[in-house]
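A.B. asks: This one is entry26.pdb, PDB, C-alpha atoms.
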ATOM      1  CA  MET A   1      -8.718 -21.342  17.134  1.00  0.00           C
ATOM      2  CA  GLY A   2      -7.977 -21.413  20.863  1.00  0.00           C
ATOM      3  CA  GLU A   3      -5.149 -19.933  22.851  1.00  0.00           C
ATOM      4  CA  GLY A   4      -2.717 -22.544  21.587  1.00  0.00           C
ATOM      5  CA  VAL A   5       0.479 -22.258  19.590  1.00  0.00           C
ATOM      6  CA  GLY A   6      -1.439 -21.055  16.532  1.00  0.00           C
ATOM      7  CA  SER A   7      -2.800 -18.030  18.362  1.00  0.00           C
ATOM      8  CA  ALA A   8       0.605 -17.251  19.817  1.00  0.00           C
ATOM      9  CA  GLY A   9       2.161 -17.523  16.369  1.00  0.00           C
ATOM     10  CA  PHE A  10      -0.413 -15.175  14.927  1.00  0.00           C
ATOM     11  CA  ALA A  11       0.052 -12.701  17.781  1.00  0.00           C
ATOM     12  CA  ALA A  12       3.818 -12.726  17.227  1.00  0.00           C
ATOM     13  CA  PHE A  13       3.337 -12.181  13.496  1.00  0.00           C
ATOM     14  CA  ALA A  14       0.816  -9.355  13.950  1.00  0.00           C
ATOM     15  CA  GLY A  15       2.934  -7.633  16.586  1.00  0.00           C
ATOM     16  CA  SER A  16       6.194  -7.828  14.675  1.00  0.00           C
ATOM     17  CA  ARG A  17       4.828  -6.797  11.258  1.00  0.00           C
ATOM     18  CA  HIS A  18       2.193  -4.207  12.243  1.00  0.00           C
ATOM     19  CA  GLY A  19       4.439  -1.232  11.425  1.00  0.00           C
ATOM     20  CA  ALA A  20       5.223  -2.443   7.919  1.00  0.00           C
ATOM     21  CA  LEU A  21       1.614  -3.413   7.279  1.00  0.00           C
ATOM     22  CA  TYR A  22       0.397  -0.023   8.496  1.00  0.00           C
ATOM     23  CA  ARG A  23       2.898   1.792   6.245  1.00  0.00           C
ATOM     24  CA  TYR A  24       1.657  -0.169   3.248  1.00  0.00           C
ATOM     25  CA  ALA A  25      -1.972   0.505   4.196  1.00  0.00           C
ATOM     26  CA  TYR A  26      -1.339   4.221   4.627  1.00  0.00           C
ATOM     27  CA  LEU A  27       0.266   4.467   1.221  1.00  0.00           C
ATOM     28  CA  LEU A  28      -2.687   2.613  -0.301  1.00  0.00           C
ATOM     29  CA  VAL A  29      -5.479   4.656   1.288  1.00  0.00           C
ATOM     30  CA  GLY A  30      -3.772   7.928   2.257  1.00  0.00           C
ATOM     31  CA  GLU A  31      -5.434   8.392   5.663  1.00  0.00           C
ATOM     32  CA  ARG A  32      -4.332   7.218   9.088  1.00  0.00           C
ATOM     33  CA  GLY A  33      -7.735   6.087  10.312  1.00  0.00           C
ATOM     34  CA  LEU A  34      -8.537   4.186   7.138  1.00  0.00           C
ATOM     35  CA  ALA A  35      -5.059   2.656   7.158  1.00  0.00           C
ATOM     36  CA  GLU A  36      -5.628   1.327  10.683  1.00  0.00           C
ATOM     37  CA  ASP A  37      -9.027  -0.025   9.606  1.00  0.00           C
ATOM     38  CA  LEU A  38      -7.431  -1.705   6.596  1.00  0.00           C
ATOM     39  CA  VAL A  39      -4.693  -3.325   8.690  1.00  0.00           C
ATOM     40  CA  GLN A  40      -7.223  -4.578  11.238  1.00  0.00           C
ATOM     41  CA  GLU A  41      -9.535  -5.983   8.571  1.00  0.00           C
ATOM     42  CA  ALA A  42      -6.649  -7.768   6.840  1.00  0.00           C
ATOM     43  CA  LEU A  43      -5.329  -9.147  10.133  1.00  0.00           C
ATOM     44  CA  ILE A  44      -8.774 -10.509  10.951  1.00  0.00           C
ATOM     45  CA  LYS A  45      -8.861 -12.251   7.566  1.00  0.00           C
ATOM     46  CA  THR A  46      -5.356 -13.612   8.193  1.00  0.00           C
ATOM     47  CA  TYR A  47      -6.286 -14.844  11.671  1.00  0.00           C
ATOM     48  CA  VAL A  48      -9.310 -16.690  10.316  1.00  0.00           C
ATOM     49  CA  ARG A  49      -7.044 -18.479   7.814  1.00  0.00           C
ATOM     50  CA  TRP A  50      -4.045 -18.828  10.171  1.00  0.00           C
ATOM     51  CA  GLY A  51      -4.526 -22.528  10.913  1.00  0.00           C
ATOM     52  CA  ARG A  52      -4.791 -23.309   7.203  1.00  0.00           C
ATOM     53  CA  LEU A  53      -1.725 -21.426   6.015  1.00  0.00           C
ATOM     54  CA  ARG A  54       0.669 -24.070   4.751  1.00  0.00           C
ATOM     55  CA  ASP A  55       3.708 -21.880   5.283  1.00  0.00           C
ATOM     56  CA  PRO A  56       3.604 -19.360   8.172  1.00  0.00           C
ATOM     57  CA  SER A  57       6.357 -17.379   6.450  1.00  0.00           C
ATOM     58  CA  ALA A  58       3.775 -16.601   3.736  1.00  0.00           C
ATOM     59  CA  ALA A  59       1.520 -14.877   6.283  1.00  0.00           C
ATOM     60  CA  GLU A  60       2.737 -11.405   5.358  1.00  0.00           C
ATOM     61  CA  ALA A  61       2.146 -11.970   1.648  1.00  0.00           C
ATOM     62  CA  TYR A  62      -1.336 -13.305   2.449  1.00  0.00           C
ATOM     63  CA  THR A  63      -2.064 -10.266   4.643  1.00  0.00           C
ATOM     64  CA  ARG A  64      -0.823  -7.796   2.020  1.00  0.00           C
ATOM     65  CA  LYS A  65      -2.951  -9.495  -0.611  1.00  0.00           C
ATOM     66  CA  ALA A  66      -5.966  -9.212   1.706  1.00  0.00           C
ATOM     67  CA  MET A  67      -5.148  -5.519   2.238  1.00  0.00           C
ATOM     68  CA  THR A  68      -4.834  -4.879  -1.480  1.00  0.00           C
ATOM     69  CA  SER A  69      -8.075  -6.599  -2.415  1.00  0.00           C
ATOM     70  CA  THR A  70      -9.937  -4.934   0.468  1.00  0.00           C
ATOM     71  CA  ALA A  71      -8.648  -1.484  -0.499  1.00  0.00           C
ATOM     72  CA  ILE A  72      -9.577  -2.040  -4.137  1.00  0.00           C
ATOM     73  CA  GLY A  73     -13.054  -3.034  -2.999  1.00  0.00           C
ATOM     74  CA  TRP A  74     -13.284   0.172  -0.974  1.00  0.00           C
ATOM     75  CA  TRP A  75     -12.205   2.290  -3.966  1.00  0.00           C
ATOM     76  CA  ARG A  76     -14.896   0.726  -6.117  1.00  0.00           C
ATOM     77  CA  ARG A  77     -17.642   1.717  -3.712  1.00  0.00           C
ATOM     78  CA  LYS A  78     -19.370   4.964  -4.438  1.00  0.00           C
ATOM     79  CA  ALA A  79     -19.005   6.277  -0.865  1.00  0.00           C
ATOM     80  CA  TRP A  80     -15.220   6.054  -1.174  1.00  0.00           C
ATOM     81  CA  ARG A  81     -15.229   8.906  -3.683  1.00  0.00           C
ATOM     82  CA  ALA A  82     -17.158  11.188  -1.334  1.00  0.00           C
ATOM     83  CA  GLU A  83     -15.450  14.085   0.390  1.00  0.00           C
ATOM     84  CA  ARG A  84     -13.064  12.821   3.062  1.00  0.00           C
ATOM     85  CA  PRO A  85     -11.037  14.515   5.806  1.00  0.00           C
ATOM     86  CA  ARG A  86      -7.414  15.263   5.005  1.00  0.00           C
ATOM     87  CA  ASP A  87      -4.447  13.935   6.906  1.00  0.00           C
ATOM     88  CA  ASP A  88      -1.596  16.095   5.620  1.00  0.00           C
ATOM     89  CA  VAL A  89      -0.157  17.547   8.845  1.00  0.00           C
ATOM     90  CA  PRO A  90       3.275  16.007   9.551  1.00  0.00           C
ATOM     91  CA  ASP A  91       4.047  14.587  13.012  1.00  0.00           C
ATOM     92  CA  ARG A  92       7.428  16.290  13.177  1.00  0.00           C
ATOM     93  CA  PRO A  93       9.349  18.993  11.346  1.00  0.00           C
ATOM     94  CA  VAL A  94      10.749  17.833   8.022  1.00  0.00           C
ATOM     95  CA  ASP A  95      12.999  19.292   5.372  1.00  0.00           C
ATOM     96  CA  GLY A  96      10.862  21.508   3.107  1.00  0.00           C
ATOM     97  CA  ASP A  97      12.003  19.854  -0.125  1.00  0.00           C
ATOM     98  CA  ASP A  98      11.431  16.333   1.197  1.00  0.00           C
ATOM     99  CA  ALA A  99       8.037  17.301   2.611  1.00  0.00           C
ATOM    100  CA  ALA A 100       6.957  18.816  -0.702  1.00  0.00           C
ATOM    101  CA  VAL A 101       7.973  15.660  -2.557  1.00  0.00           C
ATOM    102  CA  ARG A 102       6.116  13.414  -0.101  1.00  0.00           C
ATOM    103  CA  VAL A 103       2.980  15.571  -0.176  1.00  0.00           C
ATOM    104  CA  TRP A 104       3.027  15.633  -3.986  1.00  0.00           C
ATOM    105  CA  LEU A 105       3.584  11.861  -4.213  1.00  0.00           C
ATOM    106  CA  ARG A 106       0.781  11.077  -1.761  1.00  0.00           C
ATOM    107  CA  GLY A 107      -1.615  13.256  -3.724  1.00  0.00           C
ATOM    108  CA  GLU A 108      -0.584  11.775  -7.040  1.00  0.00           C
ATOM    109  CA  LEU A 109      -0.736   8.219  -5.698  1.00  0.00           C
ATOM    110  CA  ARG A 110      -4.344   8.840  -4.670  1.00  0.00           C
ATOM    111  CA  ARG A 111      -5.173   9.840  -8.242  1.00  0.00           C
ATOM    112  CA  LEU A 112      -3.842   6.595  -9.754  1.00  0.00           C
ATOM    113  CA  PRO A 113      -6.114   3.630 -10.445  1.00  0.00           C
ATOM    114  CA  PRO A 114      -6.092   1.119  -7.547  1.00  0.00           C
ATOM    115  CA  ARG A 115      -3.936  -1.585  -9.150  1.00  0.00           C
ATOM    116  CA  GLN A 116      -1.363   0.911 -10.400  1.00  0.00           C
ATOM    117  CA  ARG A 117      -1.217   2.511  -6.956  1.00  0.00           C
ATOM    118  CA  ALA A 118      -0.785  -0.858  -5.266  1.00  0.00           C
ATOM    119  CA  ALA A 119       1.921  -1.927  -7.723  1.00  0.00           C
ATOM    120  CA  LEU A 120       3.918   1.293  -7.170  1.00  0.00           C
ATOM    121  CA  VAL A 121       3.593   1.131  -3.407  1.00  0.00           C
ATOM    122  CA  LEU A 122       4.698  -2.501  -3.289  1.00  0.00           C
ATOM    123  CA  ARG A 123       7.606  -2.031  -5.702  1.00  0.00           C
ATOM    124  CA  TYR A 124       9.029   1.310  -4.561  1.00  0.00           C
ATOM    125  CA  TYR A 125       7.836   1.932  -1.013  1.00  0.00           C
ATOM    126  CA  GLU A 126       7.832  -1.655   0.228  1.00  0.00           C
ATOM    127  CA  ASP A 127      10.817  -2.582  -1.969  1.00  0.00           C
ATOM    128  CA  LEU A 128       9.358  -5.897  -3.105  1.00  0.00           C
ATOM    129  CA  THR A 129      10.640  -7.619  -6.217  1.00  0.00           C
ATOM    130  CA  GLU A 130       8.421  -7.920  -9.273  1.00  0.00           C
ATOM    131  CA  VAL A 131       7.780 -11.565  -8.401  1.00  0.00           C
ATOM    132  CA  GLN A 132       6.827 -10.721  -4.797  1.00  0.00           C
ATOM    133  CA  THR A 133       4.598  -7.883  -6.003  1.00  0.00           C
ATOM    134  CA  ALA A 134       2.876 -10.240  -8.452  1.00  0.00           C
ATOM    135  CA  GLU A 135       2.240 -12.714  -5.608  1.00  0.00           C
ATOM    136  CA  VAL A 136       0.678 -10.024  -3.413  1.00  0.00           C
ATOM    137  CA  LEU A 137      -1.469  -8.658  -6.237  1.00  0.00           C
ATOM    138  CA  GLY A 138      -2.394 -12.101  -7.521  1.00  0.00           C
ATOM    139  CA  CYS A 139      -1.269 -11.389 -11.077  1.00  0.00           C
ATOM    140  CA  SER A 140       1.614 -12.113 -13.437  1.00  0.00           C
ATOM    141  CA  VAL A 141       5.002 -10.423 -13.364  1.00  0.00           C
ATOM    142  CA  GLY A 142       4.182  -8.933 -16.780  1.00  0.00           C
ATOM    143  CA  THR A 143       1.079  -7.310 -15.328  1.00  0.00           C
ATOM    144  CA  VAL A 144       3.151  -5.828 -12.501  1.00  0.00           C
ATOM    145  CA  LYS A 145       5.601  -4.421 -15.047  1.00  0.00           C
ATOM    146  CA  SER A 146       2.841  -2.899 -17.159  1.00  0.00           C
ATOM    147  CA  GLN A 147       1.002  -1.455 -14.130  1.00  0.00           C
ATOM    148  CA  VAL A 148       4.196   0.120 -12.765  1.00  0.00           C
ATOM    149  CA  SER A 149       5.176   1.441 -16.174  1.00  0.00           C
ATOM    150  CA  ALA A 150       1.750   2.987 -16.766  1.00  0.00           C
ATOM    151  CA  ALA A 151       1.704   4.540 -13.284  1.00  0.00           C
ATOM    152  CA  LEU A 152       5.171   6.047 -13.693  1.00  0.00           C
ATOM    153  CA  ALA A 153       4.195   7.421 -17.102  1.00  0.00           C
ATOM    154  CA  LYS A 154       1.141   9.116 -15.549  1.00  0.00           C
ATOM    155  CA  LEU A 155       3.253  10.612 -12.778  1.00  0.00           C
ATOM    156  CA  ARG A 156       5.803  11.886 -15.285  1.00  0.00           C
ATOM    157  CA  ALA A 157       3.070  13.408 -17.477  1.00  0.00           C
ATOM    158  CA  ARG A 158       1.454  15.178 -14.515  1.00  0.00           C
ATOM    159  CA  LEU A 159       4.696  16.567 -13.149  1.00  0.00           C
ATOM    160  CA  GLY A 160       6.199  17.718 -16.430  1.00  0.00           C
ATOM    161  CA  GLY A 161       9.896  18.560 -16.751  1.00  0.00           C
ATOM    162  CA  ASP A 162      10.744  18.090 -13.063  1.00  0.00           C
ATOM    163  CA  ALA A 163       9.374  14.537 -12.954  1.00  0.00           C
ATOM    164  CA  VAL A 164      12.717  12.774 -13.240  1.00  0.00           C
ATOM    165  CA  LEU A 165      14.315  14.770 -10.401  1.00  0.00           C
ATOM    166  CA  ILE A 166      11.416  14.364  -7.987  1.00  0.00           C
ATOM    167  CA  MET A 167      10.908  10.695  -8.790  1.00  0.00           C
ATOM    168  CA  GLU A 168      14.633   9.967  -8.444  1.00  0.00           C
ATOM    169  CA  LYS A 169      14.612  11.710  -5.056  1.00  0.00           C
ATOM    170  CA  ALA A 170      11.708   9.489  -4.009  1.00  0.00           C
ATOM    171  CA  GLY A 171      13.459   6.350  -5.382  1.00  0.00           C
ATOM    172  CA  MET A 172      10.810   5.795  -8.069  1.00  0.00           C
ATOM    173  CA  THR A 173      12.715   5.226 -11.264  1.00  0.00           C
ATOM    174  CA  GLU A 174      12.676   2.203 -13.547  1.00  0.00           C
TER     175      GLU A 174
END
Just dump the structure as structure tokens.

C.D. replies:
Amino acid sequence: MGEGVGSAGFAAFAGSRHGALYRYAYLLVGERGLAEDLVQEALIKTYVRWGRLRDPSAAEAYTRKAMTSTAIGWWRRKAWRAERPRDDVPDRPVDGDDAAVRVWLRGELRRLPPRQRAALVLRYYEDLTEVQTAEVLGCSVGTVKSQVSAALAKLRARLGGDAVLIMEKAGMTE
């Protein structure tokens, strides 16, 4: 694709949605560097397909789906499970209670299976509907519901009696 309208359209899309795509990537992989890599890889895949997208407004859904499938592929690789650097230092001071909740949720999200993690991130962090989440994940709405339900049950079981309070504070209740 040359420097024509298609390239300009892609550049506008990538520039305007980078923040949201990065946030989704970070919640999927839990590390800044890997999140940037994931966004870049997904944007490359989107750019390659840009001229063939029937509806440019579907570009974000296509990119999120590429991010999800790429991240799942990474998780399946053996090297992914190797020891990795941590990225837990906040950029700015935060309220102690909120910071503790975020740190706990990030750690627990990393422990969930890839599809459950992706479903939770899309539903509760990205605030997508069940239908939108199903489109991004390439599955049925019923699968989204079961993945979210199973993930929330695991989080509740791991946290114990305080699960409802912490999850409500994080906006993660069914």

A.B. asks: Can you write out as a Markdown table which residues of range 26-88 of chain A fall within 8 Å of range 118-131 of chain A, alongside each residue's closest atom pair and its distance in Å to one decimal, counting all atoms listed in the file and ordering rows by chain and ascending residue number?

C.D. replies:
| residue | atom | partner | partner_atom | distance |
| --- | --- | --- | --- | --- |
| A:Leu27 | CA | A:Val121 | CA | 6.6 |
| A:Leu28 | CA | A:Ala118 | CA | 6.3 |
| A:Thr68 | CA | A:Ala118 | CA | 6.8 |

A.B. asks: Would you mind telling me which residue in A:Glu135, A:Gly19, A:Val101, A:Ala66 lies nearest to Glu41 in chain A when using only C-alpha atoms?

C.D. replies: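 Distance minimum relative to Glu41 in chain A lands on A:Ala66.
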
A.B. asks: Here's the selection I'm unsure about, the PyMOL selection byres ((chain A and resi 45) around 12); applied to the file above, which residues does it give, as a PDB file with C-alpha atoms, keeping the file's coordinate frame?

C.D. replies:
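Result file follows (expr.pdb):
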ATOM      1  CA  PHE A  10      -0.413 -15.175  14.927  1.00  0.00           C
ATOM      2  CA  ALA A  14       0.816  -9.355  13.950  1.00  0.00           C
ATOM      3  CA  LEU A  38      -7.431  -1.705   6.596  1.00  0.00           C
ATOM      4  CA  VAL A  39      -4.693  -3.325   8.690  1.00  0.00           C
ATOM      5  CA  GLN A  40      -7.223  -4.578  11.238  1.00  0.00           C
ATOM      6  CA  GLU A  41      -9.535  -5.983   8.571  1.00  0.00           C
ATOM      7  CA  ALA A  42      -6.649  -7.768   6.840  1.00  0.00           C
ATOM      8  CA  LEU A  43      -5.329  -9.147  10.133  1.00  0.00           C
ATOM      9  CA  ILE A  44      -8.774 -10.509  10.951  1.00  0.00           C
ATOM     10  CA  THR A  46      -5.356 -13.612   8.193  1.00  0.00           C
ATOM     11  CA  TYR A  47      -6.286 -14.844  11.671  1.00  0.00           C
ATOM     12  CA  VAL A  48      -9.310 -16.690  10.316  1.00  0.00           C
ATOM     13  CA  ARG A  49      -7.044 -18.479   7.814  1.00  0.00           C
ATOM     14  CA  TRP A  50      -4.045 -18.828  10.171  1.00  0.00           C
ATOM     15  CA  GLY A  51      -4.526 -22.528  10.913  1.00  0.00           C
ATOM     16  CA  ARG A  52      -4.791 -23.309   7.203  1.00  0.00           C
ATOM     17  CA  LEU A  53      -1.725 -21.426   6.015  1.00  0.00           C
ATOM     18  CA  ALA A  59       1.520 -14.877   6.283  1.00  0.00           C
ATOM     19  CA  GLU A  60       2.737 -11.405   5.358  1.00  0.00           C
ATOM     20  CA  TYR A  62      -1.336 -13.305   2.449  1.00  0.00           C
ATOM     21  CA  THR A  63      -2.064 -10.266   4.643  1.00  0.00           C
ATOM     22  CA  ARG A  64      -0.823  -7.796   2.020  1.00  0.00           C
ATOM     23  CA  LYS A  65      -2.951  -9.495  -0.611  1.00  0.00           C
ATOM     24  CA  ALA A  66      -5.966  -9.212   1.706  1.00  0.00           C
ATOM     25  CA  MET A  67      -5.148  -5.519   2.238  1.00  0.00           C
ATOM     26  CA  SER A  69      -8.075  -6.599  -2.415  1.00  0.00           C
ATOM     27  CA  THR A  70      -9.937  -4.934   0.468  1.00  0.00           C
TER      28      THR A  70
END

A.B. asks: Mind giving me the straight-line distance from CA of Arg110 in chain A to CA of Val29 in chain A in Å, one decimal?

C.D. replies: 7.4 Å

A.B. asks: Hey, can you check how far CA of Gln132 in chain A sits from CA of His18 in chain A?

C.D. replies: 18.8 Å

A.B. asks: Have a look at A:Ala20, A:Gly30, A:Ala11, A:Glu108 and name the one nearest to Leu159 in chain A; count all atoms listed in the file.

C.D. replies: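 Going through A:Ala20, A:Gly30, A:Ala11, A:Glu108 one by one, the smallest distance to Leu159 in chain A is for A:Glu108.
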
A.B. asks: Let me know the centre plus edge lengths, in Å and rounded to one decimal, of a box with edges along x, y and z that contains all listed atoms of range 25-28 of chain A and is padded by 3 Å on every side, as JSON.

C.D. replies:
{"center_x": -1.2, "center_y": 2.5, "center_z": 2.2, "size_x": 9.0, "size_y": 10.0, "size_z": 10.9}

A.B. asks: Between A:Ala61, A:Trp75, A:Arg115, A:Ala157, which residue has the minimum interatomic distance to Lys145 in chain A, considering all atoms listed in the file?

C.D. replies: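 Of A:Ala61, A:Trp75, A:Arg115, A:Ala157, the one nearest Lys145 in chain A, counting all atoms listed in the file, is A:Arg115.
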
A.B. asks: Quick one: pull the distance between CA of Arg106 in chain A and CA of Gln147 in chain A, Å, one decimal.

C.D. replies: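 The value is 17.6 Å.
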
A.B. asks: With distances taken over all atoms listed in the file, which residue among A:Val103, A:Leu34, A:Leu109, A:Cys139 lies nearest Trp74 in chain A?

C.D. replies: A:Leu34

A.B. asks: Give as a list of chain:residue names the residues that the PyMOL selection byres ((chain A and resi 149-151) around 9) matches when applied to the coordinates above.

C.D. replies: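 Written out, the selection comes to A:Leu109, A:Leu112, A:Pro113, A:Gln116, A:Arg117, A:Ala119, A:Leu120, A:Val144, A:Lys145, A:Ser146, A:Gln147, A:Val148, A:Leu152, A:Ala153, A:Lys154, A:Leu155, A:Arg156, A:Glu174.
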